[in-house]
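Participant: First, the structure itself, so that you have it in front of you.
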Amino acid sequence: MTDTDEVEIPEVEEVSGTGIPIRGNDIDTDQIIPARFMKVVTFDGLGEFSFFDLRFDEDDNEKDHPMNEERFQDANIMVVNNNFGCGSSREHAPQALMRWGIDAFIGESFAEIFAGNCLALGMPTITADQETVEAIQDYIDKYPDTEIDIDIAEETVTYGDTTVEVTVNEGQRKALVDGIWDTTALMKANQQAIDETADELAYL
Amino acid sequence: MSEGTLYDKVWENHKVTTLPNGQDQLFVGLHLIHEVTSPQAFGMLQERDLEVARPDLTLATVDHIVPTADQSRPYSDDAAERMMSELEENVRDADINFLSPDTGDQGIVHVIGPEQGLTQPGKTIVCGDSHTSTHGAFGALAFGIGTSQIRDVLATQTIAMDKQKVRKIEVTGELQEGVEAKDIILETIRRLGTEGGVGYVYEYAGETIENLGMEGRMSICNMSIEGGARAGYVNPDETTYEWLEETDYFQDNPEKFEELKPYWESIRSDDDAEYDDVVQIDADELEPTVTWGTTPGQGVGITDPIPEPESLPEEKQETAKRAQEHMRVEPGDTMEGYDIDVAFLGSCTNARLPDLRRGAEIVKGREVPDDVRAFVVPGSQRVQKAAEEEGLKEVFEEAGFDWRNAGCSMCLGMNEDQLEGDEACASSSNRNFIGRQGSKDGRTVLMNPQMVAAAAVTGEVTDVREMEEVISV
Ligand code: SF4
């Protein structure tokens, strides 16, 4: 663990919990959090607006969507398909999902900026091939209470009696496992060097 | 890798260390904040029980959501009022200097930094806003950042970054009548593409740039991001120093001016500096440029034909086709005579005093047709006041323009000022993306301020060189 005076950056070696399948390719950040919810002052309330237009119709009636289903209300691992999180760079998207309760993603692939934004929040975006991902989605659908264990360092996912190999991008794995994914804490630890740099600046 | 450029020098003297994740940690000399991107970052600080590390190096204003007509509180838009109150609370709690509308110093964040004398050569400047590149006009290293990075800066006054390459854009020759700094940058983006600058910082150099005033340099650096470059800069020179000397900051601290000048000189790019790439632009050949499409790279000289999509590089053809459909333009035609419904003279690209002066020169004694909505939104309260003292307000109002209060306004349509339906807008701003000005069917044509003024009074895109008041800068 990286210790600093005030903040600890947790090492994210494993994530355990239950899953929720969100099926479909190219799910963009506009779907994850529609732009009109961005006229806000905190990310706090954003959770409930996750996937809003897919979850509710024009009169705010619930539509068919896994996030509306009782059995997935406690899920913390979102299992998605190809190119998840594409579109604008808004950090509101991973923030909304995190605030809904998500801690990690398993998917076929993720948009680069989305994955970067997730990492800044300590949320892994791990990948596996289509077959593997669909098998996990189907399993969760059948047994929503099944515990899922993601081992970041070992790059495996275990659900029921099955353990499958997955991929965690190397930079992401190192950042998560070594607890260096949070640049605020990482940088705050260098207070002395910060002060020294500032002292040398002509304009300060 | 570049060597001996302003970028290399300023990077080096602000570098705190190299982080275990491979990025460099840089000290931030000035952190600008506004109401849209900062509140979440303040929230993150609170969650972690962290304080703002250097409120003395942080400056706040309100620009995106502020109404430009009736500014009485509470604002009629609840969401805008909430964002404003939140900002007020955050800056009060953290003891951050806030240039609110009551101070007479409020304005678009990229207009007020330079105005206050806080944008200085050799500083690192960041803001949660992509047009932070504007401040590079003073030889600062300035770039836009995301929300988590704002948190980083609030908490540590530093930022984690990867070093980029440096491309020199060398502009030579003389600008013709009616052609301005805006046309130089529109041409640069047209040539290099909206993604051409990804991974680069742009250094604008050459005699044409040196002959520009600070406002023109700001218009150019402002749109670096539209070319994909997160930062752009001009080496500081006497023009820069003259501006700085006039600002409140250096009027109040004249000794600072003398003290800092050697530093400013020292961070200029060396004569034998090495660049990763060099691009030449001939200013003699430029015409007033207008966009025909829905990205800032889709520009064309006013007398040149709109390109056939097939004549463009393959990866650009599809977007060009869609853009031409959206804009309802035909390849082979020029943009001259394109009907407009709205004329917007404003934004952090072109709403400074000389921009308004040139616009006023064109509209003087003319009239905006009944079916055109035209308005001027000064970049800051100071610009507004100076313009009013010079009588520009009357000139515009007599011609039938609305004269508004300072803010971002229709640059992005986050307040009441928005396009409606499929209205076409002659705009001095920087982005013509679909939906940018508030209507998903709206059509934006980017151009320089004289051209906006000309379009406003003729009701169509007009070659300003055909009007006798056409101005050389
Ligand atoms: S004027 Fe436009 S581009 Fe400039 S800061 Fe405001 S919204 Fe952004």
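Every chain in the structure tokens takes a letter, A first, then B, and so on in the order presented; its residues are numbered from 1, and the ligands are numbered from 1 following the presented order.
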Distance cut-off 6 Å, counting only C-alpha atoms - which residues of chain A neighbour chain B? Return them as a ChimeraX atom specification.
Facilitator: /A:41-43,184,188,193-194,197
Participant: Set the cut-off to 6 Å, count only C-alpha atoms and all ligand atoms, and list whatever residues fall near ligand 1 as a PyMOL selection string.
Facilitator: chain B and resi 64+108+131+347-348+408+411-412
Participant: Using the chain letters and numbers from this document, which residues of stretch 354-463 of chain B does DSSP assign to strand (DSSP E), as a list in words?
Facilitator: Arg373, Ala374, Phe375, Val376, Asp402, Trp403, Ala424, Cys425, Ala426, Ser427, Arg443, Thr444, Val445 and Leu446 of chain B
Participant: Could you save the residues just selected, with N, CA, C and O atoms, as a compact mmCIF listing (two decimals), in the first residue's frame?
Facilitator:
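After the write, again00.txt holds the following:
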```
# COMPACT_ATOMS: atom_id res chain seq x y z
N ARG B 373 -31.23 37.80 -36.49
CA ARG B 373 -30.98 38.15 -35.09
C ARG B 373 -29.47 38.34 -34.98
O ARG B 373 -28.72 37.41 -35.28
N ALA B 374 -29.05 39.51 -34.56
CA ALA B 374 -27.61 39.73 -34.45
C ALA B 374 -27.29 40.18 -33.04
O ALA B 374 -28.01 41.00 -32.48
N PHE B 375 -26.24 39.62 -32.46
CA PHE B 375 -25.86 40.14 -31.15
C PHE B 375 -24.37 40.06 -30.87
O PHE B 375 -23.65 39.25 -31.41
N VAL B 376 -23.97 41.01 -30.02
CA VAL B 376 -22.57 41.11 -29.62
C VAL B 376 -22.50 40.73 -28.15
O VAL B 376 -23.24 41.28 -27.33
N ASP B 402 -28.22 43.32 -30.77
CA ASP B 402 -28.41 43.26 -29.33
C ASP B 402 -27.05 43.41 -28.68
O ASP B 402 -26.11 42.75 -29.11
N TRP B 403 -26.94 44.24 -27.68
CA TRP B 403 -25.66 44.40 -26.96
C TRP B 403 -25.81 43.71 -25.62
O TRP B 403 -26.66 44.09 -24.83
N ALA B 424 -29.30 29.14 -39.33
CA ALA B 424 -27.89 29.21 -39.69
C ALA B 424 -27.27 30.42 -39.01
O ALA B 424 -27.89 31.48 -38.94
N CYS B 425 -26.05 30.24 -38.50
CA CYS B 425 -25.42 31.28 -37.70
C CYS B 425 -24.03 31.62 -38.22
O CYS B 425 -23.18 30.74 -38.37
N ALA B 426 -23.81 32.90 -38.51
CA ALA B 426 -22.45 33.38 -38.79
C ALA B 426 -21.83 33.66 -37.44
O ALA B 426 -22.32 34.50 -36.69
N SER B 427 -20.76 32.93 -37.09
CA SER B 427 -20.28 32.95 -35.72
C SER B 427 -18.78 33.17 -35.63
O SER B 427 -18.00 32.57 -36.37
N ARG B 443 -27.13 25.33 -37.79
CA ARG B 443 -25.99 25.30 -38.72
C ARG B 443 -25.06 26.47 -38.40
O ARG B 443 -25.49 27.62 -38.40
N THR B 444 -23.81 26.16 -38.12
CA THR B 444 -22.85 27.18 -37.71
C THR B 444 -21.81 27.39 -38.80
O THR B 444 -21.24 26.42 -39.30
N VAL B 445 -21.58 28.65 -39.16
CA VAL B 445 -20.50 28.97 -40.10
C VAL B 445 -19.48 29.83 -39.35
O VAL B 445 -19.79 30.94 -38.92
N LEU B 446 -18.29 29.28 -39.15
CA LEU B 446 -17.24 30.00 -38.41
C LEU B 446 -16.53 30.98 -39.34
O LEU B 446 -16.29 30.67 -40.52
```
Participant: May I have all residues of stretch 68-214 of chain B that DSSP, computed from the backbone, assigns to alpha helix (DSSP H), given as JSON, numbers by chain?
Facilitator: {"B": [78, 79, 80, 81, 82, 83, 84, 85, 86, 87, 88, 89, 90, 91, 92, 93, 94, 109, 110, 111, 112, 113, 114, 115, 116, 147, 148, 149, 150, 151, 152, 153, 154, 155, 156, 181, 182, 183, 184, 185, 186, 187, 188, 189, 190, 191, 192, 207, 208, 209, 210, 214]}
Participant: Can you tell me which residues surround B:Thr294 at a distance of at most 9 Å, considering only C-alpha atoms, apart from same-chain residues fewer than 5 positions away, and format the answer as a PyMOL selection string?
Facilitator: chain B and resi 319-320+322-324+326-327+431-434+443-445
Participant: Write to file, as a PDB file, in the first residue's frame, the residues of the selection just made, with C-alpha atoms.
Facilitator:
```
ATOM      1  CA  THR B 319     -17.976  13.016 -42.650  1.00  0.00           C
ATOM      2  CA  ALA B 320     -17.722  15.582 -45.443  1.00  0.00           C
ATOM      3  CA  ARG B 322     -22.781  14.129 -43.967  1.00  0.00           C
ATOM      4  CA  ALA B 323     -21.607  17.653 -43.141  1.00  0.00           C
ATOM      5  CA  GLN B 324     -22.667  18.953 -46.547  1.00  0.00           C
ATOM      6  CA  HIS B 326     -26.464  18.926 -42.678  1.00  0.00           C
ATOM      7  CA  MET B 327     -25.308  22.354 -43.840  1.00  0.00           C
ATOM      8  CA  ARG B 431     -16.740  25.133 -32.856  1.00  0.00           C
ATOM      9  CA  ASN B 432     -19.276  24.306 -35.516  1.00  0.00           C
ATOM     10  CA  PHE B 433     -20.148  20.818 -34.254  1.00  0.00           C
ATOM     11  CA  ILE B 434     -23.722  19.713 -34.769  1.00  0.00           C
ATOM     12  CA  ARG B 443     -25.989  25.301 -38.725  1.00  0.00           C
ATOM     13  CA  THR B 444     -22.853  27.181 -37.711  1.00  0.00           C
ATOM     14  CA  VAL B 445     -20.503  28.967 -40.100  1.00  0.00           C
TER      15      VAL B 445
END
```
Participant: What is the atom CA of B:Glu203-atom CA of B:Trp11 distance in Å, reported with one decimal?
Facilitator: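 Separation between atom CA of B:Glu203 and atom CA of B:Trp11: 14.2 Å.
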Participant: Calculated over only C-alpha atoms, which of the candidates B:Asp276, B:Glu89, B:Ile145, B:Ser269 has the smallest distance to A:Glu91?
Facilitator: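 Of B:Asp276, B:Glu89, B:Ile145, B:Ser269, the one nearest A:Glu91 is B:Ile145, counting only C-alpha atoms.
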Participant: I'd like the neighbourhood of B:Phe98 as an MDAnalysis selection string, where a residue qualifies if any of its atoms comes within 8 Å (using only C-alpha atoms), though same-chain residues fewer than 3 positions away should be ignored.
Facilitator: chainID B and resid 59:61 88 91
Participant: Using only C-alpha atoms, which protein or nucleic acid residues come within 10 Å of B:Ser224? Drop anything in the same chain fewer than 4 positions from it, and give the result as a PyMOL selection string.
Facilitator: chain B and resi 130-134+136+143+185-186+188-189+194+197+200-204+219-220+228-233
Participant: Tell me which of B:Gln46, B:Thr119, B:Thr172, B:Ser472 sits closest to B:Arg358, counting only C-alpha atoms.
Facilitator: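 Of the candidates, the smallest distance to B:Arg358 is held by B:Ser472.
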Participant: Mind pulling up the distance from atom CA of B:Leu32 to atom CA of B:Gly128?
Facilitator: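 Answer for the atom CA of B:Gly128 to atom CA of B:Leu32 separation: 7.7 Å.
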Participant: Would you work out the distance separating atom CA of A:Ile102 from atom CA of A:Ile77, expressed in Å to one decimal?
Facilitator: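 If I compute the distance from atom CA of A:Ile102 to atom CA of A:Ile77, I get 5.7 Å.
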Participant: Give me the residues within 8 Å of A:Gly19 as a ChimeraX atom specification, counting only C-alpha atoms and dropping any in the same chain fewer than 4 places off.
Facilitator: /A:72,75-79,140,144,146-148
Participant: Show which residues sit within 8 Å of A:Phe52, as an MDAnalysis selection string. Count only C-alpha atoms, and ignore same-chain residues fewer than 5 positions away.
Facilitator: chainID A and resid 31:34
Participant: Between A:Leu46, A:Glu8, A:Thr183, A:Leu97, which one has atoms that come closest to A:Ala120, using only C-alpha atoms?
Facilitator: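 The closest residue to A:Ala120 is A:Thr183.
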